[in-house]
There are 2 protein chains.
Amino acid sequence: MPEQITILGDGAMATVCSILLTAGGHGVTMWGAFEESIERLMQDREQTRLLPGVSVPAAVRLTANDAAALDGTTMVLSAIPTQYMRSVWNRLKPLVPAGVPVVSVAKGIENGTLLRPTQIVADVLGGWTRNPLAALSGPNIAAEIAKYLPATAVAAADDPAIASRVQAAFSTQWFRVYTNNDATGVELAGATKNVIAIAAGILDGLAAGNNAKAALVTRGLVEITRLGEKIGKGQKLADILDKMDSVAEGVPTTKAVAELARRHKVEMPITEAVHSVLFGGKDAIHALTDLMTRDPKPEWEG
Amino acid sequence: MPEQITILGDGAMATVCSILLTAGGHGVTMWGAFEESIERLMQDREQTRLLPGVSVPAAVRLTANDAAALDGTTMVLSAIPTQYMRSVWNRLKPLVPAGVPVVSVAKGIENGTLLRPTQIVADVLGGWTRNPLAALSGPNIAAEIAKYLPATAVAAADDPAIASRVQAAFSTQWFRVYTNNDATGVELAGATKNVIAIAAGILDGLAAGNNAKAALVTRGLVEITRLGEKIGKGQKLADILDKMDSVAEGVPTTKAVAELARRHKVEMPITEAVHSVLFGGKDAIHALTDLMTRDPKPEWEG
């Protein structure tokens with residue numbers, strides 16, 4: 001069944017989603033917080049800076065008007081970076097119809113609150129019950145999706161019917177969507193993999209080789225899984241807020257994830273190493289050497 | 001405690017292991033099945049063809065004499081390609097002291113029998129009880145280990161004491177070894193990932209992009225896990241032998257894995273696609289299109 005989808009955001013991911021959704025035959029409205037930005041898009045119909053050569057489909061309605069954007073919507077896609085979500089959602093909250101599913105494509109953890117993207121929406125809207133929530137996430141580069149190259153993603157929601165509805169909305173011949181009922185795990189993986197990506201960049205800088213990169217991915221999966229399992233097993237991210245001593249303001253995901261790991265007493269040695277390089281003034285070579293020479297361990301421990 | 005380790009094989013992986021083991025202070029004998037090959041290594045002390053510029057350490061004793069190779073050994077490392085293991089082990093069987101642990105680094109499944117490397121050894125030696133068995137495996141390129149670039153691996157054995165002993169033998173400052181008690185899973189992963197590697201090569205040939213490669217790795221992990229879980233849950237690889245209609249002779253791992261998947265009724269769409277391209281004359285583009293346009297699924301199904 002065709003949806004009337006409102007995309008919040010006018011960046012690269014919003015544009016790519018507008019291409020997928022119009023290809024799927026849905027009505028699409030793309031909303032931007034800033035009028036200048038939307039006006040430029042209306043003129044060019046192209047993401048000249050973020051995705052040069054990629055057009056916003058002619059069928060996509062562009063608007064900076066809050067009420068017009070959400071009028072008649074049957075599904076809201078939140079394509080806003082994590083740190084800006086709260087302000088956008090506070091602004092639009094009164095206009096979002098109850099019962100309409102909200103899908104987030106953000107990959108991050110809100111600084112200070114340590115909330116995941118769908119938790120931020122729930123926090124602003126006043127609970128999960130007002131609007132069903134889902135996360136859409138995949139290991140994808142926006143520019144490639146825009147070029148119709150094959151890609152996959154996962155639609156995660158507590159409610160399987162909502163996951164299936166998101167799957168149906170986004171599936172195209174070149175974009176394959178799977179369903180998943182672990183939104184917490186999907187969103188944590190999306191955020192923490194960015195820490196591993198920083199470590200990969202550091203390894204490239206050190207010319208450490210492909211084995212080291214493979215080790216990073218392997219061990220990175222172990223520690224991401226470890227955090228996901230700990231948090232999935234009852235302890236909610238929000239719970240740690242009560243025990244926080246300091247508020248992490250304006251720090252990137254690495255700081256938030258390292259903080260999460262400590263609060264949940266989850267060993268995440270790679271995350272700690274990246275943290276110590278980024279914020280502790282530690283030499284990358286020493287961080288790598290320290291990682292390699294830790295006590296021998298079973299595979300599912302440190 | 002220093003070991004006296006006999007390495008069976010004189011190829012790239014055998015050489016790299018000899019470098020790791022001598023660095024760890026162990027006594028190392030490297031055995032080759034062919035006298036000419038060992039004599040060339042004795043002259044050059046270099047793997048001129050397989051690992052140009054990489055020396056066999058001076059401390060490594062080279063021999064093509066079966067009895068001399070295994071005299072006084074405390075650990076045997078089997079660095080023989082899977083399809084040649086049975087003949088080598090049949091030849092050396094009477095000389096291998098009972099009780100001495102055997103470690104395999106092969107990544108494959110024996111054609112015809114569909115046995116894993118350590119199962120081949122057990123089959124030849126007459127059961128697991130005569131010699132404790134372990135598998136050492138990691139996502140590594142031999143040439144990089146030989147250059148002292150950082151890498152990791154896993155030592156898998158049913159007996160945790162054996163896994164720890166292998167871990168201790170191979171660990172160096174630049175090679176970090178983890179223990180694991182699921183030798184079946186480790187060996188299956190080592191073999192099946194080669195199928196995914198072929199698929200990755202096909203995607204490169206199609207210029208399908210990074211998203212497609214990421215999708216392949218993600219979905220490849222799903223189907224490898226699915227096969228490992230099915231076989232790990234009671235059904236042994238050997239059991240399927242009884243039910244085999246045809247003997248697969250001289251076919252590569254893809255054929256063996258596709259066969260395993262069918263016997264165990266495990267859905268492995270990527271493996272099937274690679275199989276159909278390699279053996280069914282299917283066009284790669286069509287195989288990819290078919291993979292992308294299958295019915296929508298939950299993440300842990302097809």
# chains A, B, ... in the order shown; residues from 1 in each chain; ligands from 1
call {"tool": "select_by_dssp", "arguments": {"residues": "region 86-211 of chain A", "states": "alpha helix (DSSP H)", "output": "NGL selection string"}}
result
:A and (86-92 or 117-125 or 142-146 or 160-170 or 183-206 or 210-211)
call {"tool": "residues_around", "arguments": {"residues": "Leu51 (chain B)", "least_positions_apart": "4", "cutoff": "7 Å", "atoms": "only C-alpha atoms", "output": "list in words"}}
result
Ala12, Gln47 and Ala143 of chain B
call {"tool": "select_by_dssp", "arguments": {"residues": "region 48-216 of chain A", "states": "strand (DSSP E)", "output": "PyMOL selection string"}}
result
chain A and resi 61-63+75-78+102-104+133-137+151-156+175-180
call {"tool": "write_last_selection", "arguments": {"atoms": "N, CA, C and O atoms", "output": "compact mmCIF listing (two decimals), in the first residue's frame"}}
result
# COMPACT_ATOMS: atom_id res chain seq x y z
N ARG A 61 8.01 16.40 -3.05
CA ARG A 61 7.57 17.76 -2.70
C ARG A 61 8.53 18.32 -1.65
O ARG A 61 8.79 17.67 -0.64
N LEU A 62 9.08 19.49 -1.90
CA LEU A 62 10.03 20.10 -0.97
C LEU A 62 9.34 21.21 -0.19
O LEU A 62 8.62 22.02 -0.77
N THR A 63 9.60 21.26 1.11
CA THR A 63 8.99 22.32 1.90
C THR A 63 9.79 22.59 3.18
O THR A 63 10.43 21.69 3.71
N MET A 75 3.65 8.14 7.45
CA MET A 75 4.91 7.63 8.02
C MET A 75 5.92 8.77 8.03
O MET A 75 6.07 9.49 7.03
N VAL A 76 6.61 8.92 9.17
CA VAL A 76 7.61 9.99 9.27
C VAL A 76 9.01 9.37 9.30
O VAL A 76 9.27 8.46 10.09
N LEU A 77 9.88 9.85 8.42
CA LEU A 77 11.26 9.38 8.41
C LEU A 77 12.14 10.47 9.01
O LEU A 77 12.21 11.59 8.49
N SER A 78 12.82 10.15 10.10
CA SER A 78 13.70 11.12 10.76
C SER A 78 15.12 10.93 10.24
O SER A 78 15.81 9.99 10.61
N VAL A 102 7.21 6.31 13.21
CA VAL A 102 8.38 7.16 13.01
C VAL A 102 9.59 6.25 12.80
O VAL A 102 9.86 5.36 13.61
N VAL A 103 10.30 6.47 11.69
CA VAL A 103 11.47 5.66 11.35
C VAL A 103 12.71 6.55 11.43
O VAL A 103 12.75 7.61 10.81
N SER A 104 13.71 6.12 12.20
CA SER A 104 14.94 6.90 12.28
C SER A 104 16.06 6.23 11.50
O SER A 104 16.21 5.01 11.53
N LEU A 133 7.75 3.13 16.79
CA LEU A 133 9.08 3.57 16.36
C LEU A 133 9.85 2.44 15.69
O LEU A 133 9.69 1.27 16.03
N ALA A 134 10.68 2.83 14.73
CA ALA A 134 11.53 1.86 14.03
C ALA A 134 12.86 2.51 13.69
O ALA A 134 12.97 3.73 13.62
N ALA A 135 13.87 1.66 13.51
CA ALA A 135 15.18 2.14 13.06
C ALA A 135 15.50 1.45 11.74
O ALA A 135 15.32 0.24 11.61
N LEU A 136 15.96 2.24 10.77
CA LEU A 136 16.39 1.68 9.49
C LEU A 136 17.89 1.91 9.38
O LEU A 136 18.35 3.05 9.50
N SER A 137 18.65 0.84 9.22
CA SER A 137 20.11 0.98 9.30
C SER A 137 20.78 -0.06 8.42
O SER A 137 20.29 -1.17 8.25
N ALA A 151 22.39 -2.74 -2.45
CA ALA A 151 22.68 -2.52 -1.03
C ALA A 151 21.59 -3.18 -0.19
O ALA A 151 20.51 -3.50 -0.70
N THR A 152 21.92 -3.40 1.09
CA THR A 152 20.93 -3.99 1.99
C THR A 152 20.83 -3.15 3.27
O THR A 152 21.73 -2.37 3.58
N ALA A 153 19.73 -3.32 3.98
CA ALA A 153 19.54 -2.63 5.25
C ALA A 153 18.61 -3.46 6.11
O ALA A 153 18.05 -4.46 5.64
N VAL A 154 18.46 -3.05 7.37
CA VAL A 154 17.56 -3.76 8.25
C VAL A 154 16.56 -2.77 8.85
O VAL A 154 16.92 -1.63 9.17
N ALA A 155 15.30 -3.19 8.89
CA ALA A 155 14.24 -2.39 9.51
C ALA A 155 13.93 -3.02 10.86
O ALA A 155 13.42 -4.14 10.91
N ALA A 156 14.26 -2.32 11.94
CA ALA A 156 14.13 -2.90 13.28
C ALA A 156 13.05 -2.19 14.07
O ALA A 156 13.02 -0.96 14.13
N PHE A 175 17.60 -2.26 -3.47
CA PHE A 175 17.76 -2.03 -2.03
C PHE A 175 16.94 -3.08 -1.29
O PHE A 175 15.70 -3.03 -1.29
N ARG A 176 17.64 -4.04 -0.69
CA ARG A 176 16.97 -5.17 -0.04
C ARG A 176 16.90 -4.93 1.46
O ARG A 176 17.92 -4.73 2.11
N VAL A 177 15.70 -4.98 2.02
CA VAL A 177 15.51 -4.68 3.44
C VAL A 177 15.10 -5.93 4.20
O VAL A 177 14.19 -6.65 3.76
N TYR A 178 15.78 -6.19 5.31
CA TYR A 178 15.40 -7.30 6.20
C TYR A 178 14.71 -6.73 7.43
O TYR A 178 14.95 -5.59 7.81
N THR A 179 13.86 -7.55 8.08
CA THR A 179 13.25 -7.11 9.33
C THR A 179 14.02 -7.67 10.53
O THR A 179 14.75 -8.66 10.41
N ASN A 180 13.85 -7.02 11.65
CA ASN A 180 14.57 -7.37 12.87
C ASN A 180 13.76 -6.80 14.03
O ASN A 180 13.16 -5.73 13.90
call {"tool": "interface_residues", "arguments": {"of": "chain A", "to": "chain B", "cutoff": "9 Å", "atoms": "only C-alpha atoms", "output": "ChimeraX atom specification"}}
result
/A:138-142,144-145,149-155,164,167-168,171-181,208-215,218,288-289,292-294,296-301
call {"tool": "residues_around", "arguments": {"residues": "Glu272 (chain B)", "least_positions_apart": "5", "cutoff": "9 Å", "atoms": "only C-alpha atoms", "output": "number ranges by chain"}}
result
B: 254, 258, 261, 267, 277
call {"tool": "residues_around", "arguments": {"residues": "Ile38 (chain B)", "least_positions_apart": "3", "cutoff": "7 Å", "atoms": "only C-alpha atoms", "output": "list in words"}}
result
Gly32, Phe34, Glu35, Leu41, Met42, Leu62, Thr63 and Ala64 of chain B
call {"tool": "atom_distance", "arguments": {"atom1": "CA of Ala284 (chain B)", "atom2": "CA of Ile198 (chain B)"}}
result
11.6 Å
call {"tool": "residues_around", "arguments": {"residues": "Met268 (chain A)", "least_positions_apart": "5", "cutoff": "9 Å", "atoms": "only C-alpha atoms", "output": "PyMOL selection string"}}
result
chain A and resi 220+222-224+226-227+258+261-262+273+302
